[in-house]
>>> print(open('data_39.cif').read())   # mmCIF, C-alpha atoms and all ligand atoms
data_entry
loop_
_atom_site.group_PDB
_atom_site.id
_atom_site.type_symbol
_atom_site.label_atom_id
_atom_site.label_comp_id
_atom_site.auth_asym_id
_atom_site.auth_seq_id
_atom_site.Cartn_x
_atom_site.Cartn_y
_atom_site.Cartn_z
ATOM 1 C CA MET A 1 -0.295 22.692 4.575
ATOM 2 C CA SER A 2 1.310 20.815 7.458
ATOM 3 C CA LYS A 3 3.411 17.716 6.937
ATOM 4 C CA LYS A 4 0.718 15.660 8.632
ATOM 5 C CA GLN A 5 -2.007 16.933 6.301
ATOM 6 C CA CYS A 6 0.291 16.324 3.401
ATOM 7 C CA MET A 7 0.730 12.696 4.425
ATOM 8 C CA GLU A 8 -3.023 12.313 4.803
ATOM 9 C CA ASN A 9 -3.679 13.775 1.378
ATOM 10 C CA LYS A 10 -1.286 11.416 -0.323
ATOM 11 C CA GLU A 11 -3.753 9.096 -2.056
ATOM 12 C CA ASN A 12 -4.470 7.001 1.025
ATOM 13 C CA LYS A 13 -6.976 4.362 0.061
ATOM 14 C CA ILE A 14 -9.235 2.628 2.548
ATOM 15 C CA LEU A 15 -11.214 -0.434 1.549
ATOM 16 C CA ILE A 16 -14.389 -1.132 3.511
ATOM 17 C CA ILE A 17 -15.710 -4.675 3.301
ATOM 18 C CA ASP A 18 -19.150 -4.905 4.885
ATOM 19 C CA ASP A 19 -22.417 -6.544 3.873
ATOM 20 C CA ASN A 20 -24.478 -3.842 5.582
ATOM 21 C CA GLN A 21 -25.166 -0.832 3.392
ATOM 22 C CA VAL A 22 -25.858 1.496 6.344
ATOM 23 C CA ILE A 23 -22.518 0.669 7.992
ATOM 24 C CA ARG A 24 -20.650 1.031 4.694
ATOM 25 C CA LYS A 25 -22.165 4.443 4.149
ATOM 26 C CA LEU A 26 -21.507 5.651 7.693
ATOM 27 C CA ALA A 27 -17.865 4.489 7.771
ATOM 28 C CA SER A 28 -17.310 5.826 4.270
ATOM 29 C CA ASN A 29 -18.611 9.292 5.252
ATOM 30 C CA LEU A 30 -16.493 9.391 8.391
ATOM 31 C CA LEU A 31 -13.324 8.456 6.528
ATOM 32 C CA SER A 32 -13.976 10.625 3.466
ATOM 33 C CA LYS A 33 -14.011 13.570 5.841
ATOM 34 C CA ARG A 34 -10.383 12.709 6.646
ATOM 35 C CA ASN A 35 -9.510 12.899 2.952
ATOM 36 C CA TYR A 36 -9.126 9.182 2.347
ATOM 37 C CA ARG A 37 -10.185 7.676 -0.916
ATOM 38 C CA VAL A 38 -12.758 5.145 0.210
ATOM 39 C CA GLU A 39 -13.710 2.062 -1.787
ATOM 40 C CA LEU A 40 -16.550 -0.266 -0.892
ATOM 41 C CA ALA A 41 -17.063 -4.009 -1.162
ATOM 42 C CA GLN A 42 -20.268 -5.811 -0.199
ATOM 43 C CA THR A 43 -18.950 -9.349 0.115
ATOM 44 C CA GLY A 44 -15.761 -11.041 1.249
ATOM 45 C CA LYS A 45 -15.083 -12.367 -2.223
ATOM 46 C CA GLN A 46 -15.454 -8.943 -3.810
ATOM 47 C CA GLY A 47 -13.331 -7.454 -1.026
ATOM 48 C CA ILE A 48 -10.433 -9.831 -1.649
ATOM 49 C CA GLU A 49 -10.451 -9.017 -5.366
ATOM 50 C CA MET A 50 -10.553 -5.279 -4.693
ATOM 51 C CA ALA A 51 -7.752 -5.524 -2.116
ATOM 52 C CA ARG A 52 -5.521 -7.167 -4.738
ATOM 53 C CA ASP A 53 -6.354 -4.522 -7.364
ATOM 54 C CA LEU A 54 -6.309 -1.397 -5.215
ATOM 55 C CA ALA A 55 -3.561 -2.151 -2.713
ATOM 56 C CA PRO A 56 -5.264 0.027 -0.077
ATOM 57 C CA GLN A 57 -3.381 1.336 2.961
ATOM 58 C CA VAL A 58 -5.950 -0.126 5.316
ATOM 59 C CA ILE A 59 -8.891 -2.521 5.132
ATOM 60 C CA LEU A 60 -11.913 -2.158 7.378
ATOM 61 C CA LEU A 61 -13.363 -5.651 7.548
ATOM 62 C CA ASP A 62 -16.730 -6.693 8.948
ATOM 63 C CA VAL A 63 -16.686 -9.950 10.890
ATOM 64 C CA MET A 64 -20.274 -11.041 10.371
ATOM 65 C CA MET A 65 -20.999 -11.531 6.697
ATOM 66 C CA PRO A 66 -22.953 -14.252 4.838
ATOM 67 C CA GLU A 67 -21.050 -16.764 2.657
ATOM 68 C CA MET A 68 -17.515 -15.790 3.610
ATOM 69 C CA ASP A 69 -17.120 -14.206 7.035
ATOM 70 C CA GLY A 70 -14.499 -11.677 8.069
ATOM 71 C CA TYR A 71 -12.167 -14.247 9.639
ATOM 72 C CA GLU A 72 -11.978 -16.229 6.426
ATOM 73 C CA VAL A 73 -11.420 -13.052 4.405
ATOM 74 C CA CYS A 74 -8.676 -12.011 6.831
ATOM 75 C CA LYS A 75 -6.967 -15.415 6.577
ATOM 76 C CA ARG A 76 -7.013 -15.318 2.789
ATOM 77 C CA LEU A 77 -5.675 -11.752 2.636
ATOM 78 C CA LYS A 78 -2.855 -12.690 5.026
ATOM 79 C CA ALA A 79 -1.999 -15.788 2.972
ATOM 80 C CA ASP A 80 -1.630 -13.776 -0.242
ATOM 81 C CA ASP A 81 1.729 -12.093 -0.932
ATOM 82 C CA LEU A 82 -0.023 -9.216 -2.663
ATOM 83 C CA THR A 83 -2.216 -8.342 0.317
ATOM 84 C CA LYS A 84 -0.496 -9.805 3.378
ATOM 85 C CA ASP A 85 1.036 -6.512 4.499
ATOM 86 C CA ILE A 86 -2.154 -4.450 4.369
ATOM 87 C CA PRO A 87 -3.304 -3.732 7.936
ATOM 88 C CA ILE A 88 -6.791 -5.034 8.611
ATOM 89 C CA ILE A 89 -9.116 -3.463 11.147
ATOM 90 C CA MET A 90 -11.845 -5.908 12.112
ATOM 91 C CA VAL A 91 -15.313 -4.524 12.726
ATOM 92 C CA THR A 92 -17.167 -6.426 15.444
ATOM 93 C CA SER A 93 -20.280 -5.889 17.516
ATOM 94 C CA LYS A 94 -19.724 -4.459 20.963
ATOM 95 C CA THR A 95 -21.094 -7.472 22.811
ATOM 96 C CA ASP A 96 -18.847 -10.164 21.405
ATOM 97 C CA SER A 97 -15.463 -10.071 23.134
ATOM 98 C CA ILE A 98 -14.214 -13.419 21.821
ATOM 99 C CA ASP A 99 -14.411 -12.026 18.282
ATOM 100 C CA LYS A 100 -11.826 -9.366 18.974
ATOM 101 C CA ILE A 101 -9.168 -11.780 20.137
ATOM 102 C CA LYS A 102 -9.831 -14.201 17.311
ATOM 103 C CA GLY A 103 -9.346 -11.425 14.769
ATOM 104 C CA LEU A 104 -6.041 -10.362 16.244
ATOM 105 C CA GLU A 105 -4.876 -13.970 16.377
ATOM 106 C CA ILE A 106 -5.310 -14.477 12.655
ATOM 107 C CA GLY A 107 -3.359 -11.364 11.751
ATOM 108 C CA ALA A 108 -5.713 -8.381 12.055
ATOM 109 C CA ALA A 109 -3.940 -5.200 13.172
ATOM 110 C CA ASP A 110 -6.750 -3.782 15.259
ATOM 111 C CA TYR A 111 -10.500 -3.820 15.740
ATOM 112 C CA VAL A 112 -13.335 -1.371 16.192
ATOM 113 C CA THR A 113 -16.725 -2.044 17.638
ATOM 114 C CA LYS A 114 -20.171 -1.208 16.352
ATOM 115 C CA PRO A 115 -21.897 1.148 16.806
ATOM 116 C CA PHE A 116 -18.914 3.335 15.899
ATOM 117 C CA ASP A 117 -17.513 5.993 18.091
ATOM 118 C CA HIS A 118 -16.774 8.373 15.228
ATOM 119 C CA GLY A 119 -13.570 9.814 16.615
ATOM 120 C CA GLU A 120 -12.273 6.387 17.583
ATOM 121 C CA LEU A 121 -12.835 4.934 14.133
ATOM 122 C CA GLN A 122 -11.035 7.849 12.513
ATOM 123 C CA ALA A 123 -8.158 7.672 14.999
ATOM 124 C CA ARG A 124 -7.654 3.907 14.641
ATOM 125 C CA VAL A 125 -7.697 4.113 10.858
ATOM 126 C CA ALA A 126 -5.267 7.073 10.937
ATOM 127 C CA THR A 127 -2.842 5.093 13.122
ATOM 128 C CA GLN A 128 -2.847 2.115 10.773
ATOM 129 C CA VAL A 129 -2.472 4.323 7.692
ATOM 130 C CA LYS A 130 0.506 6.027 9.262
ATOM 131 C CA MET A 131 2.107 2.700 10.206
ATOM 132 C CA LYS A 132 1.544 1.280 6.745
ATOM 133 C CA ASN A 133 3.081 4.316 5.056
ATOM 134 C CA LEU A 134 6.100 4.204 7.359
ATOM 135 C CA LEU A 135 6.590 0.495 6.707
ATOM 136 C CA ASP A 136 6.311 1.035 2.953
ATOM 137 C CA GLU A 137 8.896 3.785 3.163
ATOM 138 C CA LEU A 138 11.208 1.597 5.227
ATOM 139 C CA GLU A 139 10.861 -1.300 2.803
ATOM 140 C CA GLU A 140 11.658 0.973 -0.110
ATOM 141 C CA LYS A 141 14.777 2.245 1.649
ATOM 142 C CA ASN A 142 15.840 -1.293 2.539
ATOM 143 C CA THR A 143 15.577 -2.364 -1.072
ATOM 144 C CA ILE A 144 17.776 0.565 -2.098
ATOM 145 C CA LEU A 145 20.262 -0.224 0.676
ATOM 146 C CA GLU A 146 20.422 -3.906 -0.214
ATOM 147 C CA GLU A 147 21.238 -2.931 -3.774
ATOM 148 C CA LEU A 148 23.763 -0.298 -2.671
ATOM 149 C CA ILE A 149 25.837 -2.604 -0.482
ATOM 150 C CA LYS A 150 26.343 -4.914 -3.457
ATOM 151 C CA LYS A 151 27.475 -2.145 -5.773
ATOM 152 C CA ASP A 152 30.644 -0.266 -6.554
ATOM 153 C CA GLY A 153 29.899 3.429 -6.173
ATOM 154 C CA LEU A 154 31.891 4.684 -9.143
ATOM 155 C CA THR A 155 30.975 2.209 -11.873
ATOM 156 C CA ASN A 156 27.649 0.920 -10.535
ATOM 157 C CA LEU A 157 28.848 -2.622 -11.243
ATOM 158 C CA TYR A 158 28.833 -5.148 -8.410
ATOM 159 C CA ASN A 159 31.657 -4.920 -5.877
ATOM 160 C CA HIS A 160 34.401 -7.348 -4.898
ATOM 161 C CA ARG A 161 32.521 -8.819 -1.968
ATOM 162 C CA TYR A 162 29.368 -9.504 -3.944
ATOM 163 C CA PHE A 163 31.425 -11.031 -6.745
ATOM 164 C CA HIS A 164 32.856 -13.584 -4.308
ATOM 165 C CA GLU A 165 29.451 -14.336 -2.872
ATOM 166 C CA ARG A 166 28.009 -14.965 -6.318
ATOM 167 C CA ILE A 167 30.866 -16.934 -7.837
ATOM 168 C CA SER A 168 30.767 -19.278 -4.870
ATOM 169 C CA GLU A 169 27.014 -19.785 -5.385
ATOM 170 C CA GLU A 170 27.349 -20.154 -9.141
ATOM 171 C CA TYR A 171 30.222 -22.598 -8.748
ATOM 172 C CA ASN A 172 28.190 -24.826 -6.438
ATOM 173 C CA ARG A 173 25.266 -24.720 -8.822
ATOM 174 C CA ALA A 174 27.463 -25.540 -11.813
ATOM 175 C CA MET A 175 28.914 -28.530 -9.957
ATOM 176 C CA ARG A 176 25.545 -29.789 -8.798
ATOM 177 C CA TYR A 177 23.859 -29.563 -12.181
ATOM 178 C CA SER A 178 26.960 -30.226 -14.287
ATOM 179 C CA TYR A 179 26.975 -27.123 -16.393
ATOM 180 C CA PRO A 180 29.934 -24.974 -17.415
ATOM 181 C CA LEU A 181 30.898 -21.755 -15.675
ATOM 182 C CA SER A 182 33.427 -19.240 -16.918
ATOM 183 C CA CYS A 183 35.276 -16.536 -15.078
ATOM 184 C CA ILE A 184 36.990 -13.585 -16.737
ATOM 185 C CA LEU A 185 39.375 -11.197 -15.041
ATOM 186 C CA MET A 186 40.449 -8.052 -16.833
ATOM 187 C CA ASP A 187 42.777 -5.202 -16.142
ATOM 188 C CA ILE A 188 43.283 -1.829 -17.805
ATOM 189 C CA ASP A 189 46.750 -1.659 -19.341
ATOM 190 C CA HIS A 190 49.088 1.027 -17.985
ATOM 191 C CA PHE A 191 46.297 2.528 -15.942
ATOM 192 C CA LYS A 192 48.692 4.063 -13.448
ATOM 193 C CA LYS A 193 50.182 6.116 -16.271
ATOM 194 C CA VAL A 194 46.742 7.545 -17.130
ATOM 195 C CA ASN A 195 46.223 8.589 -13.514
ATOM 196 C CA ASP A 196 49.732 10.004 -13.234
ATOM 197 C CA THR A 197 49.518 11.913 -16.520
ATOM 198 C CA TYR A 198 45.920 13.191 -16.550
ATOM 199 C CA GLY A 199 44.824 12.820 -12.940
ATOM 200 C CA HIS A 200 42.419 10.498 -11.166
ATOM 201 C CA GLN A 201 39.314 12.106 -12.635
ATOM 202 C CA ALA A 202 40.498 11.087 -16.091
ATOM 203 C CA GLY A 203 41.071 7.597 -14.737
ATOM 204 C CA ASP A 204 37.521 7.574 -13.372
ATOM 205 C CA VAL A 205 36.145 8.429 -16.813
ATOM 206 C CA ILE A 206 37.889 5.379 -18.249
ATOM 207 C CA LEU A 207 36.639 3.136 -15.422
ATOM 208 C CA LYS A 208 33.057 4.333 -15.870
ATOM 209 C CA THR A 209 33.124 4.045 -19.656
ATOM 210 C CA LEU A 210 34.665 0.596 -19.474
ATOM 211 C CA ALA A 211 31.902 -0.474 -17.078
ATOM 212 C CA LYS A 212 29.343 0.662 -19.674
ATOM 213 C CA ILE A 213 31.085 -1.282 -22.451
ATOM 214 C CA ILE A 214 31.108 -4.402 -20.277
ATOM 215 C CA THR A 215 27.449 -4.014 -19.317
ATOM 216 C CA LYS A 216 26.468 -3.613 -22.975
ATOM 217 C CA ASN A 217 28.223 -6.835 -23.952
ATOM 218 C CA ILE A 218 27.060 -9.264 -21.282
ATOM 219 C CA ARG A 219 23.866 -11.226 -20.907
ATOM 220 C CA GLN A 220 21.281 -10.716 -18.187
ATOM 221 C CA VAL A 221 22.516 -13.812 -16.315
ATOM 222 C CA ASP A 222 26.146 -12.715 -16.286
ATOM 223 C CA ILE A 223 27.598 -10.883 -13.301
ATOM 224 C CA ALA A 224 30.006 -8.004 -13.839
ATOM 225 C CA ALA A 225 31.999 -6.606 -10.948
ATOM 226 C CA ARG A 226 34.707 -4.097 -10.246
ATOM 227 C CA TYR A 227 37.256 -6.436 -8.741
ATOM 228 C CA GLY A 228 39.861 -3.938 -7.614
ATOM 229 C CA GLY A 229 41.193 -0.517 -8.604
ATOM 230 C CA GLU A 230 41.402 -1.034 -12.363
ATOM 231 C CA GLU A 231 40.438 -4.698 -12.358
ATOM 232 C CA PHE A 232 37.095 -6.068 -13.423
ATOM 233 C CA ALA A 233 35.643 -9.545 -13.156
ATOM 234 C CA LEU A 234 32.899 -11.414 -14.958
ATOM 235 C CA ILE A 235 30.987 -14.538 -14.023
ATOM 236 C CA LEU A 236 29.423 -16.289 -16.998
ATOM 237 C CA PRO A 237 27.095 -19.133 -16.014
ATOM 238 C CA HIS A 238 26.369 -21.881 -18.578
ATOM 239 C CA THR A 239 29.351 -20.796 -20.656
ATOM 240 C CA TYR A 240 32.276 -22.824 -21.993
ATOM 241 C CA ILE A 241 35.653 -21.248 -22.682
ATOM 242 C CA GLU A 242 35.035 -20.934 -26.415
ATOM 243 C CA LYS A 243 31.994 -18.693 -25.931
ATOM 244 C CA SER A 244 33.695 -16.657 -23.193
ATOM 245 C CA VAL A 245 36.633 -15.972 -25.499
ATOM 246 C CA VAL A 246 34.220 -14.572 -28.082
ATOM 247 C CA MET A 247 32.686 -12.244 -25.502
ATOM 248 C CA ALA A 248 36.069 -11.260 -24.092
ATOM 249 C CA GLU A 249 37.450 -10.503 -27.544
ATOM 250 C CA ARG A 250 34.417 -8.374 -28.350
ATOM 251 C CA ILE A 251 34.899 -6.320 -25.171
ATOM 252 C CA ARG A 252 38.648 -6.032 -25.749
ATOM 253 C CA GLU A 253 38.118 -4.807 -29.336
ATOM 254 C CA GLN A 254 35.504 -2.264 -28.308
ATOM 255 C CA VAL A 255 37.758 -0.836 -25.608
ATOM 256 C CA GLU A 256 40.599 -0.601 -28.107
ATOM 257 C CA GLY A 257 38.302 1.192 -30.537
ATOM 258 C CA THR A 258 36.984 3.631 -27.951
ATOM 259 C CA THR A 259 38.235 7.161 -27.485
ATOM 260 C CA PHE A 260 37.803 8.306 -23.898
ATOM 261 C CA TYR A 261 37.062 11.977 -23.422
ATOM 262 C CA PHE A 262 38.078 13.952 -20.365
ATOM 263 C CA ASN A 263 37.674 17.728 -20.558
ATOM 264 C CA ASP A 264 39.614 18.596 -23.734
ATOM 265 C CA ILE A 265 41.803 15.537 -23.600
ATOM 266 C CA THR A 266 41.274 12.381 -25.594
ATOM 267 C CA ILE A 267 42.718 9.192 -24.150
ATOM 268 C CA LYS A 268 43.123 5.727 -25.609
ATOM 269 C CA ALA A 269 43.211 2.597 -23.473
ATOM 270 C CA THR A 270 43.451 -1.146 -23.848
ATOM 271 C CA ILE A 271 42.677 -4.068 -21.546
ATOM 272 C CA SER A 272 44.185 -7.469 -20.898
ATOM 273 C CA MET A 273 41.981 -10.410 -20.023
ATOM 274 C CA GLY A 274 42.388 -13.825 -18.461
ATOM 275 C CA LEU A 275 39.812 -16.623 -18.637
ATOM 276 C CA ALA A 276 39.169 -19.875 -16.849
ATOM 277 C CA CYS A 277 36.302 -22.313 -17.029
ATOM 278 C CA PHE A 278 34.710 -25.039 -14.971
ATOM 279 C CA PRO A 279 34.889 -27.950 -15.737
ATOM 280 C CA GLU A 280 37.274 -27.539 -18.680
ATOM 281 C CA ASN A 281 40.209 -26.309 -16.576
ATOM 282 C CA LYS A 282 39.406 -28.721 -13.737
ATOM 283 C CA PRO A 283 39.484 -26.223 -10.877
ATOM 284 C CA ALA A 284 39.084 -27.833 -7.467
ATOM 285 C CA SER A 285 37.125 -24.922 -6.059
ATOM 286 C CA TYR A 286 35.754 -21.549 -7.046
ATOM 287 C CA THR A 287 38.815 -19.845 -5.587
ATOM 288 C CA GLU A 288 40.940 -21.959 -7.886
ATOM 289 C CA LEU A 289 38.755 -20.959 -10.821
ATOM 290 C CA ILE A 290 39.497 -17.317 -9.974
ATOM 291 C CA ARG A 291 43.187 -18.120 -9.531
ATOM 292 C CA PHE A 292 43.340 -19.777 -12.963
ATOM 293 C CA ALA A 293 41.729 -16.708 -14.523
ATOM 294 C CA ASP A 294 44.175 -14.493 -12.663
ATOM 295 C CA GLU A 295 47.131 -16.542 -13.901
ATOM 296 C CA SER A 296 45.817 -16.241 -17.460
ATOM 297 C CA LEU A 297 45.537 -12.491 -16.975
ATOM 298 C CA TYR A 298 49.129 -12.415 -15.819
ATOM 299 C CA VAL A 299 50.208 -14.238 -18.968
ATOM 300 C CA ALA A 300 48.207 -11.791 -21.099
ATOM 301 C CA LYS A 301 50.074 -8.937 -19.421
ATOM 302 C CA GLU A 302 53.459 -10.590 -19.751
ATOM 303 C CA SER A 303 52.988 -11.439 -23.415
ATOM 304 C CA GLY A 304 52.353 -7.851 -24.464
ATOM 305 C CA ARG A 305 48.949 -6.724 -23.064
ATOM 306 C CA ASN A 306 45.783 -5.853 -25.039
ATOM 307 C CA ARG A 307 44.958 -9.529 -25.447
ATOM 308 C CA VAL A 308 42.823 -12.386 -24.161
ATOM 309 C CA LYS A 309 44.421 -15.482 -22.668
ATOM 310 C CA THR A 310 42.663 -18.628 -21.574
ATOM 311 C CA CYS A 311 43.766 -20.926 -18.849
ATOM 312 C CA LEU A 312 44.812 -23.648 -21.335
ATOM 313 C CA THR A 313 46.887 -21.299 -23.483
ATOM 314 C CA SER A 314 48.409 -19.734 -20.409
ATOM 315 C CA GLN A 315 49.516 -23.147 -19.186
ATOM 316 C CA THR A 316 51.006 -23.860 -22.594
ATOM 317 C CA SER A 317 52.837 -20.588 -22.858
ATOM 318 C CA ALA A 318 53.943 -20.721 -19.244
ATOM 319 C CA SER A 319 55.562 -24.108 -19.675
HETATM 320 MG MG MG A 401 -22.221 -7.762 8.805
#
>>> encode(input="data_39.cif", output="structure tokens")
Amino acid sequence: MSKKQCMENKENKILIIDDNQVIRKLASNLLSKRNYRVELAQTGKQGIEMARDLAPQVILLDVMMPEMDGYEVCKRLKADDLTKDIPIIMVTSKTDSIDKIKGLEIGAADYVTKPFDHGELQARVATQVKMKNLLDELEEKNTILEELIKKDGLTNLYNHRYFHERISEEYNRAMRYSYPLSCILMDIDHFKKVNDTYGHQAGDVILKTLAKIITKNIRQVDIAARYGGEEFALILPHTYIEKSVVMAERIREQVEGTTFYFNDITIKATISMGLACFPENKPASYTELIRFADESLYVAKESGRNRVKTCLTSQTSAS
């Protein structure tokens, strides 16, 4: 089977909306021969419902229909998020040239004229099916790409750049609506030693496992990112320092209690964490919120590691 035939056999659905039974039958026969799954609607209203349910690759739409005509059906399909990207081929009578332009103006992809030239109908439908499938494929790839450029390849958490984008947004929102926002920075203690002793692959195991522990302990609204080599960052919207400390402590304890396995080696690791919160710590900007968290992390490191420090306690102990 050729690639082209393969594409055509992939459940390509065509919806025919036409009030005339003879035309429906003729078009249906012509398109069934090309291995499309053909569905039929007799009225515009029925057609719109079926388009939403079936998500066909292409709609063949008659212009002249009682109650709701093809133009109105086309407008409604184009105004609906569910159906707006389905190419519509308008079916008009050969004599009416104004019809064709009007159809294209309101968003139809193409038109065919009655009586059908069999080959032309099949060719025009095939073109639109191909375009639709290519666009679907492209959209799918774009979605994957959009997700990929936000992510860190190793841990699958968000990356540094996305973290900054989001914390700036979340900070503005927190200011505007007066709700708290916490930021946590964390760092794996003596990580360089792990890499030096067991190699980078062992280090990667710890990074990946830590990412899983973090993901398991945060809420859907929280944002977890790999901030740098062995540094991670969390954004916790709607969260005061007290609640963030609870979450941070839980993560810290779980890391401490975890045995990391690499080949036949077992490794233990701990993390240090620094917290800051808006508005409690009165940061003047989101960058200052991050800086406060970073300073707290520094204090956690300096005071013995494997601990959580908040901005307030760090200020106390620093003074
Ligand atoms: Mg008609």
>>> closest_atom_pairs(input="data_39.cif", of="chain A", to="ligand MG 401 (chain A)", cutoff="10 Å", atoms="only C-alpha atoms and all ligand atoms", output="tab-separated table")
residue	atom	partner	partner_atom	distance
A:Ile17	CA	A:MG401	MG	9.1
A:Asp18	CA	A:MG401	MG	5.7
A:Asp19	CA	A:MG401	MG	5.1
A:Asn20	CA	A:MG401	MG	5.6
A:Gln21	CA	A:MG401	MG	9.3
A:Ile23	CA	A:MG401	MG	8.5
A:Arg24	CA	A:MG401	MG	9.8
A:Gln42	CA	A:MG401	MG	9.4
A:Thr43	CA	A:MG401	MG	9.4
A:Leu61	CA	A:MG401	MG	9.2
A:Asp62	CA	A:MG401	MG	5.6
A:Val63	CA	A:MG401	MG	6.3
A:Met64	CA	A:MG401	MG	4.1
A:Met65	CA	A:MG401	MG	4.5
A:Pro66	CA	A:MG401	MG	7.6
A:Asp69	CA	A:MG401	MG	8.4
A:Gly70	CA	A:MG401	MG	8.7
A:Val91	CA	A:MG401	MG	8.6
A:Thr92	CA	A:MG401	MG	8.5
A:Ser93	CA	A:MG401	MG	9.1
>>> closest_residue(input="data_39.cif", among="A:His238, A:Arg291, A:Arg176, A:Arg226", to="A:His160", atoms="all atoms listed in the file")
A:Arg226
>>> residues_around(input="data_39.cif", residues="A:Ser178", least_positions_apart="4", cutoff="10 Å", atoms="only C-alpha atoms", output="ChimeraX atom specification")
/A:171-174,238,278-279
>>> residues_around(input="data_39.cif", residues="A:Tyr240", least_positions_apart="2", cutoff="7 Å", atoms="all atoms listed in the file", output="number ranges by chain")
A: 180-182, 238, 242-244, 277
>>> residues_near_point(input="data_39.cif", point="(-10.9, -8.5, -3.3)", cutoff="12 Å", atoms="only C-alpha atoms", output="MDAnalysis selection string")
chainID A and resid 15:17 39:56 59 61 73:74 76:77 80 82:83
>>> residues_around(input="data_39.cif", residues="A:Lys150", least_positions_apart="4", cutoff="7 Å", atoms="only C-alpha atoms", output="PyMOL selection string")
chain A and resi 146+158-159+162
>>> closest_residue(input="data_39.cif", among="A:Gly229, A:Gly199, A:Gly153, A:Pro87", to="A:Tyr111", atoms="all atoms listed in the file")
A:Pro87
>>> residues_around(input="data_39.cif", residues="A:Ser168", least_positions_apart="3", cutoff="12 Å", atoms="all atoms listed in the file", output="list in words")
Arg161, Tyr162, Phe163, His164, Glu165, Tyr171, Asn172, Arg173, Ala174, Met175, Leu181, Cys183, Ile235, Pro237, Ser285, Tyr286, Thr287, Glu288, Leu289 and Ile290 of chain A
>>> atom_distance(input="data_39.cif", atom1="atom CA of A:Ile218", atom2="atom CA of A:Thr155")
15.3 Å
>>> axis_aligned_box(input="data_39.cif", around="stretch 14-29 of chain A", padding_each_side="5 Å", output="JSON")
{"center_x": -17.5, "center_y": 1.4, "center_z": 4.8, "size_x": 26.6, "size_y": 25.8, "size_z": 16.4}
>>> closest_residue(input="data_39.cif", among="A:Asp85, A:Glu147, A:Glu11, A:Asp187", to="A:Ala233", atoms="only C-alpha atoms")
A:Asp187
>>> residues_around(input="data_39.cif", residues="A:Lys78", least_positions_apart="6", cutoff="9 Å", atoms="all atoms listed in the file", output="compact mmCIF listing (two decimals) with C-alpha atoms, in the frame of the given file")
# COMPACT_ATOMS: atom_id res chain seq x y z
CA LYS A 84 -0.50 -9.80 3.38
CA ASP A 85 1.04 -6.51 4.50
CA ILE A 86 -2.15 -4.45 4.37
CA ILE A 106 -5.31 -14.48 12.66
CA GLY A 107 -3.36 -11.36 11.75
CA ALA A 108 -5.71 -8.38 12.06
>>> closest_residue(input="data_39.cif", among="A:Leu121, A:Val308, A:Val246, A:Leu207", to="A:Tyr261", atoms="all atoms listed in the file")
A:Leu207
>>> closest_residue(input="data_39.cif", among="A:Val194, A:Ala224, A:Val205, A:Ile214", to="A:Phe262", atoms="all atoms listed in the file")
A:Val205
>>> closest_residue(input="data_39.cif", among="A:Ala284, A:Leu31, A:Ile213, A:Leu234", to="A:Glu256", atoms="all atoms listed in the file")
A:Ile213
>>> atom_distance(input="data_39.cif", atom1="atom CA of A:Asp110", atom2="atom CA of A:Ile88")
6.8 Å
>>> resolve_selection(input="data_39.cif", expression="the PyMOL selection byres (((chain A and resi 267) around 12) and not hetatm)", output="VMD selection string")
chain A and resid 191 193 to 195 197 to 199 202 to 203 205 to 206 209 255 to 266 268 to 270
>>> resolve_selection(input="data_39.cif", expression="the PyMOL selection byres (((chain A and resi 131) around 12) and not hetatm)", output="MDAnalysis selection string")
chainID A and resid 7 57:58 85:88 109 124:130 132:138
>>> decode(input="data_39.cif", residues="stretch 185-194 of chain A", atoms="N, CA and C atoms", output="PDB file, in the first residue's frame")
ATOM      1  N   LEU A 185      13.604  28.098  46.839  1.00  0.00           N
ATOM      2  CA  LEU A 185      14.775  27.651  46.088  1.00  0.00           C
ATOM      3  C   LEU A 185      15.413  26.515  46.861  1.00  0.00           C
ATOM      4  N   MET A 186      15.858  25.498  46.157  1.00  0.00           N
ATOM      5  CA  MET A 186      16.507  24.388  46.865  1.00  0.00           C
ATOM      6  C   MET A 186      17.730  23.906  46.096  1.00  0.00           C
ATOM      7  N   ASP A 187      18.621  23.310  46.845  1.00  0.00           N
ATOM      8  CA  ASP A 187      19.898  22.915  46.276  1.00  0.00           C
ATOM      9  C   ASP A 187      20.315  21.594  46.892  1.00  0.00           C
ATOM     10  N   ILE A 188      20.829  20.692  46.086  1.00  0.00           N
ATOM     11  CA  ILE A 188      21.271  19.393  46.612  1.00  0.00           C
ATOM     12  C   ILE A 188      22.616  19.590  47.318  1.00  0.00           C
ATOM     13  N   ASP A 189      22.686  19.105  48.558  1.00  0.00           N
ATOM     14  CA  ASP A 189      23.912  19.296  49.337  1.00  0.00           C
ATOM     15  C   ASP A 189      25.055  18.430  48.784  1.00  0.00           C
ATOM     16  N   HIS A 190      26.209  19.001  48.720  1.00  0.00           N
ATOM     17  CA  HIS A 190      27.430  18.297  48.269  1.00  0.00           C
ATOM     18  C   HIS A 190      27.242  17.530  46.969  1.00  0.00           C
ATOM     19  N   PHE A 191      26.518  18.130  46.051  1.00  0.00           N
ATOM     20  CA  PHE A 191      26.210  17.419  44.811  1.00  0.00           C
ATOM     21  C   PHE A 191      27.459  17.162  43.974  1.00  0.00           C
ATOM     22  N   LYS A 192      28.389  18.104  44.039  1.00  0.00           N
ATOM     23  CA  LYS A 192      29.619  17.963  43.263  1.00  0.00           C
ATOM     24  C   LYS A 192      30.354  16.679  43.660  1.00  0.00           C
ATOM     25  N   LYS A 193      30.285  16.377  44.962  1.00  0.00           N
ATOM     26  CA  LYS A 193      30.970  15.187  45.470  1.00  0.00           C
ATOM     27  C   LYS A 193      30.358  13.908  44.871  1.00  0.00           C
ATOM     28  N   VAL A 194      29.013  13.921  44.732  1.00  0.00           N
ATOM     29  CA  VAL A 194      28.345  12.756  44.124  1.00  0.00           C
ATOM     30  C   VAL A 194      28.856  12.561  42.704  1.00  0.00           C
TER      31      VAL A 194
END
